[in-house]
file work04.txt (compact mmCIF, C-alpha atoms)
# COMPACT_ATOMS: atom_id res chain seq x y z
CA MET A 709 -18.28 -46.97 -33.82
CA PRO A 710 -16.71 -44.19 -35.92
CA THR A 711 -14.35 -41.89 -34.03
CA LYS A 712 -12.38 -38.80 -34.97
CA THR A 713 -9.58 -36.71 -33.55
CA LEU A 714 -10.45 -33.07 -34.17
CA GLN A 715 -9.14 -29.54 -33.69
CA ILE A 716 -11.59 -27.00 -32.26
CA PRO A 717 -10.81 -23.33 -33.03
CA THR A 718 -10.93 -21.17 -29.89
CA THR A 719 -10.00 -17.60 -29.04
CA ASP A 720 -6.73 -18.91 -27.56
CA GLY A 721 -5.72 -21.44 -30.18
CA ARG A 722 -6.96 -24.88 -31.15
CA ALA A 723 -8.25 -27.49 -28.72
CA ASP A 724 -7.66 -31.09 -29.69
CA ALA A 725 -10.72 -33.25 -29.12
CA PHE A 726 -12.09 -36.76 -29.47
CA ALA A 727 -15.47 -37.48 -31.04
CA ALA A 728 -17.53 -40.67 -31.25
CA PHE A 729 -20.79 -41.09 -33.14
CA PRO A 730 -23.00 -43.77 -34.68
CA ASP A 731 -22.21 -45.28 -38.05
CA GLY A 732 -24.54 -44.93 -41.01
CA GLY A 733 -24.18 -41.35 -42.19
CA GLU A 734 -27.23 -40.02 -40.32
CA ARG A 735 -27.34 -36.97 -38.06
CA HIS A 736 -27.66 -37.34 -34.30
CA PRO A 737 -28.17 -35.10 -31.25
CA GLY A 738 -24.98 -33.59 -29.92
CA VAL A 739 -23.47 -34.14 -26.49
CA LEU A 740 -20.55 -32.13 -25.12
CA LEU A 741 -18.65 -34.21 -22.56
CA TYR A 742 -16.29 -32.52 -20.09
CA THR A 743 -13.65 -34.77 -18.55
CA ASP A 744 -12.54 -34.99 -14.96
CA ALA A 745 -9.26 -33.42 -13.86
CA PHE A 746 -7.20 -36.25 -15.36
CA GLY A 747 -8.42 -35.38 -18.84
CA VAL A 748 -8.93 -37.26 -22.11
CA ARG A 749 -7.70 -40.85 -21.82
CA PRO A 750 -8.84 -44.37 -22.74
CA VAL A 751 -11.60 -44.62 -20.13
CA LEU A 752 -13.17 -41.37 -21.34
CA ARG A 753 -12.92 -42.44 -24.96
CA GLU A 754 -14.67 -45.69 -24.06
CA MET A 755 -17.45 -43.82 -22.23
CA ALA A 756 -17.90 -41.59 -25.27
CA ARG A 757 -18.17 -44.66 -27.51
CA GLU A 758 -20.71 -46.20 -25.15
CA LEU A 759 -22.82 -43.06 -25.24
CA ALA A 760 -22.49 -42.78 -29.02
CA GLY A 761 -23.84 -46.31 -29.28
CA HIS A 762 -27.13 -45.00 -27.90
CA GLY A 763 -27.50 -42.57 -30.80
CA TYR A 764 -25.50 -39.46 -29.92
CA TYR A 765 -22.57 -37.52 -31.34
CA VAL A 766 -20.22 -37.09 -28.39
CA LEU A 767 -17.48 -34.44 -28.36
CA VAL A 768 -14.75 -34.68 -25.69
CA PRO A 769 -12.42 -31.65 -25.72
CA HIS A 770 -8.96 -31.56 -24.19
CA LEU A 771 -9.41 -28.95 -21.45
CA TYR A 772 -5.71 -28.11 -21.04
CA TYR A 773 -5.00 -27.40 -24.71
CA ARG A 774 -3.36 -24.07 -23.86
CA ASN A 775 -0.53 -26.11 -22.34
CA GLY A 776 -0.14 -28.44 -25.31
CA PRO A 777 -1.95 -31.40 -26.86
CA ALA A 778 -3.20 -34.27 -24.72
CA PRO A 779 -1.78 -35.72 -22.64
CA VAL A 780 -0.11 -32.73 -20.99
CA VAL A 781 0.54 -34.91 -17.94
CA GLU A 782 1.42 -38.55 -18.55
CA LEU A 783 -0.94 -40.85 -16.65
CA PRO A 784 -0.43 -44.41 -15.43
CA GLU A 785 -2.79 -47.09 -16.71
CA HIS A 786 -4.35 -47.21 -13.26
CA ILE A 787 -4.52 -44.09 -11.09
CA GLY A 788 -4.05 -45.44 -7.58
CA GLY A 789 -3.66 -43.66 -4.30
CA GLU A 790 0.11 -43.78 -4.43
CA SER A 791 0.25 -41.88 -7.74
CA ARG A 792 -2.35 -39.19 -6.97
CA PRO A 793 -0.17 -36.73 -4.98
CA ALA A 794 2.44 -36.45 -7.72
CA LEU A 795 -0.20 -36.23 -10.43
CA PHE A 796 -2.13 -33.49 -8.69
CA ALA A 797 1.05 -31.57 -8.02
CA ARG A 798 1.38 -31.32 -11.81
CA LEU A 799 -2.33 -30.92 -12.55
CA MET A 800 -3.26 -28.22 -10.03
CA PRO A 801 -1.51 -25.37 -11.90
CA LEU A 802 -3.45 -26.40 -15.02
CA ILE A 803 -6.73 -26.60 -13.13
CA GLU A 804 -6.17 -23.24 -11.46
CA ALA A 805 -5.31 -21.64 -14.80
CA HIS A 806 -8.63 -22.84 -16.21
CA THR A 807 -10.50 -19.78 -14.96
CA THR A 808 -14.22 -19.19 -15.30
CA GLU A 809 -13.48 -16.63 -18.03
CA ARG A 810 -11.50 -19.21 -20.01
CA ALA A 811 -14.09 -21.91 -19.36
CA LEU A 812 -16.92 -19.78 -20.74
CA SER A 813 -14.89 -18.71 -23.76
CA ASP A 814 -14.09 -22.36 -24.46
CA ALA A 815 -17.72 -23.36 -23.98
CA ASP A 816 -18.73 -20.91 -26.72
CA ALA A 817 -16.19 -22.47 -29.06
CA TYR A 818 -17.05 -26.07 -28.17
CA LEU A 819 -20.79 -25.58 -28.69
CA ARG A 820 -20.26 -23.67 -31.92
CA PHE A 821 -18.06 -26.48 -33.22
CA LEU A 822 -20.35 -29.27 -32.00
CA THR A 823 -23.50 -27.84 -33.54
CA THR A 824 -21.89 -27.33 -36.95
CA GLN A 825 -20.57 -30.87 -37.39
CA PRO A 826 -22.19 -32.64 -40.38
CA GLU A 827 -23.09 -35.64 -38.22
CA VAL A 828 -24.96 -33.51 -35.64
CA SER A 829 -28.66 -32.84 -36.02
CA SER A 830 -30.22 -29.44 -35.53
CA GLY A 831 -31.87 -28.82 -32.21
CA PRO A 832 -30.76 -28.71 -28.59
CA VAL A 833 -27.68 -30.40 -27.16
CA ALA A 834 -26.71 -31.89 -23.82
CA VAL A 835 -23.67 -31.14 -21.69
CA ILE A 836 -22.32 -33.65 -19.19
CA GLY A 837 -19.28 -33.65 -16.96
CA TYR A 838 -17.34 -35.52 -14.35
CA CYS A 839 -15.56 -34.03 -11.31
CA MET A 840 -14.39 -30.55 -12.41
CA GLY A 841 -16.20 -31.24 -15.69
CA ALA A 842 -19.51 -31.19 -13.83
CA VAL A 843 -18.84 -27.60 -12.80
CA LEU A 844 -17.97 -26.74 -16.40
CA ALA A 845 -21.17 -28.44 -17.58
CA MET A 846 -23.32 -26.39 -15.20
CA ARG A 847 -21.59 -23.17 -16.24
CA THR A 848 -22.04 -24.01 -19.92
CA ALA A 849 -25.73 -24.84 -19.53
CA ALA A 850 -26.37 -21.61 -17.61
CA ALA A 851 -24.50 -19.53 -20.21
CA HIS A 852 -26.34 -21.15 -23.14
CA PRO A 853 -29.94 -21.76 -22.05
CA ASP A 854 -31.16 -21.47 -25.64
CA GLN A 855 -29.00 -24.43 -26.73
CA VAL A 856 -28.57 -26.77 -23.77
CA ALA A 857 -31.62 -28.91 -22.97
CA ALA A 858 -29.97 -31.35 -20.56
CA VAL A 859 -27.08 -31.12 -18.13
CA ALA A 860 -25.65 -33.90 -15.99
CA GLY A 861 -22.79 -33.91 -13.52
CA PHE A 862 -21.27 -36.87 -11.70
CA HIS A 863 -19.11 -36.77 -8.56
CA PRO A 864 -18.84 -33.01 -9.09
CA SER A 865 -16.25 -30.62 -7.80
CA PRO A 866 -17.82 -28.04 -5.46
CA LEU A 867 -21.06 -26.64 -6.87
CA VAL A 868 -21.78 -24.52 -3.79
CA THR A 869 -19.07 -22.07 -2.76
CA ASP A 870 -18.82 -18.53 -1.37
CA ALA A 871 -17.68 -17.18 -4.75
CA PRO A 872 -19.96 -14.70 -6.54
CA ASP A 873 -19.92 -17.00 -9.58
CA SER A 874 -20.51 -20.22 -7.64
CA PRO A 875 -22.42 -22.65 -9.89
CA HIS A 876 -25.40 -22.74 -7.53
CA ARG A 877 -25.82 -18.99 -8.01
CA LEU A 878 -26.16 -19.44 -11.78
CA VAL A 879 -28.98 -21.97 -11.90
CA SER A 880 -31.67 -19.32 -12.31
CA ALA A 881 -30.47 -19.04 -15.93
CA LEU A 882 -30.97 -22.75 -16.63
CA THR A 883 -33.66 -24.08 -18.92
CA ALA A 884 -32.09 -27.54 -19.11
CA GLN A 885 -33.25 -30.61 -17.23
CA VAL A 886 -30.62 -31.51 -14.65
CA HIS A 887 -29.27 -34.66 -13.03
CA LEU A 888 -26.52 -34.57 -10.42
CA GLY A 889 -25.08 -37.86 -9.21
CA LEU A 890 -23.07 -37.32 -6.04
CA ALA A 891 -20.61 -39.51 -4.21
CA GLU A 892 -21.19 -39.90 -0.50
CA ASN A 893 -18.19 -37.69 0.26
CA ASP A 894 -18.91 -34.95 -2.30
CA MET A 895 -21.19 -32.64 -0.28
CA SER A 896 -22.56 -32.31 3.23
CA PRO A 897 -26.33 -32.65 3.72
CA GLU A 898 -26.45 -28.92 4.41
CA THR A 899 -24.68 -28.10 1.16
CA ILE A 900 -26.95 -30.43 -0.79
CA GLY A 901 -29.91 -28.66 0.78
CA GLU A 902 -28.56 -25.29 -0.36
CA LEU A 903 -28.10 -26.61 -3.89
CA ASP A 904 -31.60 -28.11 -3.93
CA GLN A 905 -33.03 -24.84 -2.69
CA ALA A 906 -31.36 -22.95 -5.54
CA LEU A 907 -32.63 -25.45 -8.13
CA ASP A 908 -36.15 -25.36 -6.66
CA ALA A 909 -36.15 -21.57 -6.83
CA ALA A 910 -35.01 -21.73 -10.44
CA GLY A 911 -38.02 -23.86 -11.33
CA VAL A 912 -36.00 -26.34 -13.38
CA GLY A 913 -36.65 -30.06 -13.57
CA TYR A 914 -33.88 -31.81 -11.67
CA THR A 915 -32.75 -34.76 -9.64
CA CYS A 916 -29.90 -34.56 -7.16
CA GLU A 917 -28.98 -37.97 -5.82
CA VAL A 918 -26.29 -39.42 -3.59
CA TYR A 919 -25.16 -42.75 -5.05
CA PRO A 920 -24.81 -45.17 -2.13
CA GLY A 921 -21.48 -46.70 -1.24
CA THR A 922 -19.45 -44.35 -3.43
CA VAL A 923 -16.44 -42.09 -3.14
CA HIS A 924 -15.47 -39.22 -5.42
CA GLY A 925 -14.59 -40.47 -8.90
CA PHE A 926 -16.85 -43.54 -8.87
CA THR A 927 -17.48 -43.64 -12.64
CA MET A 928 -13.81 -43.89 -13.60
CA SER A 929 -12.69 -47.50 -14.08
CA ASP A 930 -9.00 -46.54 -14.17
CA THR A 931 -9.02 -45.27 -10.56
CA ASP A 932 -9.32 -46.76 -7.08
CA ALA A 933 -12.62 -44.89 -6.69
CA PHE A 934 -14.37 -46.97 -9.35
CA ASN A 935 -17.70 -48.51 -8.38
CA PRO A 936 -19.24 -50.72 -11.10
CA SER A 937 -22.79 -50.59 -9.73
CA ALA A 938 -22.61 -46.79 -9.44
CA LEU A 939 -21.37 -46.54 -13.03
CA GLN A 940 -24.41 -48.56 -14.08
CA ARG A 941 -26.69 -46.29 -12.05
CA HIS A 942 -25.05 -43.34 -13.83
CA TRP A 943 -26.07 -44.79 -17.21
CA GLU A 944 -29.57 -45.52 -15.88
CA ARG A 945 -29.96 -41.86 -14.95
CA LEU A 946 -28.12 -40.30 -17.89
CA LEU A 947 -29.65 -42.13 -20.85
CA PRO A 948 -33.32 -41.42 -20.00
CA LEU A 949 -32.42 -37.77 -19.36
CA LEU A 950 -30.90 -37.49 -22.82
CA ASP A 951 -33.77 -39.38 -24.44
CA ARG A 952 -36.37 -37.05 -22.88
CA SER A 953 -34.46 -33.87 -23.58
CA LEU A 954 -32.95 -34.48 -27.00
CA THR A 955 -35.18 -37.00 -28.75
CA GLY A 956 -38.50 -36.53 -26.98
CA SER A 957 -38.82 -40.24 -26.29
call {"tool": "encode", "arguments": {"input": "work04.txt", "output": "structure tokens"}}
result
Amino acid sequence: MPTKTLQIPTTDGRADAFAAFPDGGERHPGVLLYTDAFGVRPVLREMARELAGHGYYVLVPHLYYRNGPAPVVELPEHIGGESRPALFARLMPLIEAHTTERALSDADAYLRFLTTQPEVSSGPVAVIGYCMGAVLAMRTAAAHPDQVAAVAGFHPSPLVTDAPDSPHRLVSALTAQVHLGLAENDMSPETIGELDQALDAAGVGYTCEVYPGTVHGFTMSDTDAFNPSALQRHWERLLPLLDRSLTGS
């Protein structure tokens, strides 16, 4: 599986990124993949390779590039409960600095870069994300309805908040098909109902599903939250969504 390390020009500098895509010199639909809060690391590179093996060009940008190239925060091989407090003490300033304004500016740059790569076919793209990346994916899809045909988020950070720019308030702009895979502890039933109501009102095709027996972070094999059966369910939901939206199959 060919891979590249790339530099994406943005309004605030250059974001380093990882890309994986099929071999053979053909062009393939593009997928923008937003990482969780821990950022680009081996498990995300492996997920990108897995997705590329199904016929997609997958671009994984380093979200904290304004603070330096990845990794800004050194991570252990396995992110266990004992290491999380110290890690988040270092990550939270980076997360908080990644404002909606910056996220949308970056999204413009990432999509512009993705769609002009020689290995990427013309036509719509998909945006997927994990944890905080799911929020970024929803914001990107809402800001670029003419480009984004599919959006998926797994164990998302809050999608329903009191903020004027809460992701659930933006879904009326979506044209993408949506899948949200939630951990059991991600949202209350009432909050899920509010999100479903917003998506219903928007008239978009969507599924919003709680994956049984999961905790937040269930797709990430380098954390204590990892759930192998839920990761498989994630692929079983994600791949058909991309096939329908990007290849028409």
call {"tool": "closest_atom_pairs", "arguments": {"input": "work04.txt", "of": "stretch 804-850 of chain A", "to": "stretch 876-886 of chain A", "cutoff": "12 Å", "atoms": "only C-alpha atoms", "output": "JSON lines"}}
result
{"residue": "A:Pro832", "atom": "CA", "partner": "A:Ala884", "partner_atom": "CA", "distance": 9.6}
{"residue": "A:Val833", "atom": "CA", "partner": "A:Ala884", "partner_atom": "CA", "distance": 9.6}
{"residue": "A:Ala834", "atom": "CA", "partner": "A:Ala884", "partner_atom": "CA", "distance": 8.4}
{"residue": "A:Val835", "atom": "CA", "partner": "A:Ala884", "partner_atom": "CA", "distance": 9.5}
{"residue": "A:Ile836", "atom": "CA", "partner": "A:Val886", "partner_atom": "CA", "distance": 9.7}
{"residue": "A:Gly837", "atom": "CA", "partner": "A:Val886", "partner_atom": "CA", "distance": 11.8}
{"residue": "A:Ala842", "atom": "CA", "partner": "A:Val886", "partner_atom": "CA", "distance": 11.1}
{"residue": "A:Val843", "atom": "CA", "partner": "A:His876", "partner_atom": "CA", "distance": 9.7}
{"residue": "A:Leu844", "atom": "CA", "partner": "A:Leu878", "partner_atom": "CA", "distance": 11.9}
{"residue": "A:Ala845", "atom": "CA", "partner": "A:Val886", "partner_atom": "CA", "distance": 10.4}
{"residue": "A:Met846", "atom": "CA", "partner": "A:Val879", "partner_atom": "CA", "distance": 7.9}
{"residue": "A:Arg847", "atom": "CA", "partner": "A:Leu878", "partner_atom": "CA", "distance": 7.4}
{"residue": "A:Thr848", "atom": "CA", "partner": "A:Leu882", "partner_atom": "CA", "distance": 9.6}
{"residue": "A:Ala849", "atom": "CA", "partner": "A:Leu882", "partner_atom": "CA", "distance": 6.3}
{"residue": "A:Ala850", "atom": "CA", "partner": "A:Leu882", "partner_atom": "CA", "distance": 4.8}
call {"tool": "closest_residue", "arguments": {"input": "work04.txt", "among": "A:Gly776, A:Pro717, A:Gly925, A:Pro920", "to": "A:Pro864", "atoms": "only C-alpha atoms"}}
result
A:Gly925
call {"tool": "atom_distance", "arguments": {"input": "work04.txt", "atom1": "atom CA of A:Gln715", "atom2": "atom CA of A:Asp854"}}
result
24.8 Å
call {"tool": "axis_aligned_box", "arguments": {"input": "work04.txt", "around": "stretch 738-741 of chain A", "padding_each_side": "8 Å", "output": "AutoDock Vina command-line options"}}
result
--center_x -21.8 --center_y -33.2 --center_z -26.2 --size_x 22.3 --size_y 18.1 --size_z 23.4
call {"tool": "closest_residue", "arguments": {"input": "work04.txt", "among": "A:Phe934, A:Phe796, A:Tyr818, A:Tyr919", "to": "A:Tyr742", "atoms": "all atoms listed in the file"}}
result
A:Tyr818
call {"tool": "atom_distance", "arguments": {"input": "work04.txt", "atom1": "atom CA of A:Leu888", "atom2": "atom CA of A:Cys916"}}
result
4.7 Å
call {"tool": "residues_around", "arguments": {"input": "work04.txt", "residues": "A:Ala727", "least_positions_apart": "6", "cutoff": "10 Å", "atoms": "all atoms listed in the file", "output": "PDB file with C-alpha atoms, in the coordinates of the input"}}
result
ATOM      1  CA  PRO A 710     -16.710 -44.190 -35.920  1.00  0.00           C
ATOM      2  CA  THR A 711     -14.350 -41.890 -34.030  1.00  0.00           C
ATOM      3  CA  LYS A 712     -12.380 -38.800 -34.970  1.00  0.00           C
ATOM      4  CA  THR A 713      -9.580 -36.710 -33.550  1.00  0.00           C
ATOM      5  CA  LEU A 714     -10.450 -33.070 -34.170  1.00  0.00           C
ATOM      6  CA  VAL A 739     -23.470 -34.140 -26.490  1.00  0.00           C
ATOM      7  CA  LEU A 740     -20.550 -32.130 -25.120  1.00  0.00           C
ATOM      8  CA  LEU A 741     -18.650 -34.210 -22.560  1.00  0.00           C
ATOM      9  CA  ARG A 753     -12.920 -42.440 -24.960  1.00  0.00           C
ATOM     10  CA  ALA A 756     -17.900 -41.590 -25.270  1.00  0.00           C
ATOM     11  CA  ARG A 757     -18.170 -44.660 -27.510  1.00  0.00           C
ATOM     12  CA  ALA A 760     -22.490 -42.780 -29.020  1.00  0.00           C
ATOM     13  CA  TYR A 765     -22.570 -37.520 -31.340  1.00  0.00           C
ATOM     14  CA  VAL A 766     -20.220 -37.090 -28.390  1.00  0.00           C
ATOM     15  CA  LEU A 767     -17.480 -34.440 -28.360  1.00  0.00           C
ATOM     16  CA  VAL A 768     -14.750 -34.680 -25.690  1.00  0.00           C
ATOM     17  CA  PRO A 769     -12.420 -31.650 -25.720  1.00  0.00           C
ATOM     18  CA  LEU A 822     -20.350 -29.270 -32.000  1.00  0.00           C
TER      19      LEU A 822
END
call {"tool": "residues_near_point", "arguments": {"input": "work04.txt", "point": "(-16.3, -50.6, -20.9)", "cutoff": "12 Å", "atoms": "all atoms listed in the file", "output": "short mmCIF file (atom, residue, chain, number, x, y, z; two decimals) with C-alpha atoms, keeping the file's coordinate frame"}}
result
data_model
loop_
_atom_site.label_atom_id
_atom_site.label_comp_id
_atom_site.auth_asym_id
_atom_site.auth_seq_id
_atom_site.Cartn_x
_atom_site.Cartn_y
_atom_site.Cartn_z
CA PRO A 750 -8.84 -44.37 -22.74
CA VAL A 751 -11.60 -44.62 -20.13
CA LEU A 752 -13.17 -41.37 -21.34
CA ARG A 753 -12.92 -42.44 -24.96
CA GLU A 754 -14.67 -45.69 -24.06
CA MET A 755 -17.45 -43.82 -22.23
CA ALA A 756 -17.90 -41.59 -25.27
CA ARG A 757 -18.17 -44.66 -27.51
CA GLU A 758 -20.71 -46.20 -25.15
CA LEU A 759 -22.82 -43.06 -25.24
CA THR A 927 -17.48 -43.64 -12.64
CA MET A 928 -13.81 -43.89 -13.60
CA SER A 929 -12.69 -47.50 -14.08
CA ASP A 930 -9.00 -46.54 -14.17
CA PRO A 936 -19.24 -50.72 -11.10
CA LEU A 939 -21.37 -46.54 -13.03
CA GLN A 940 -24.41 -48.56 -14.08
CA TRP A 943 -26.07 -44.79 -17.21
#
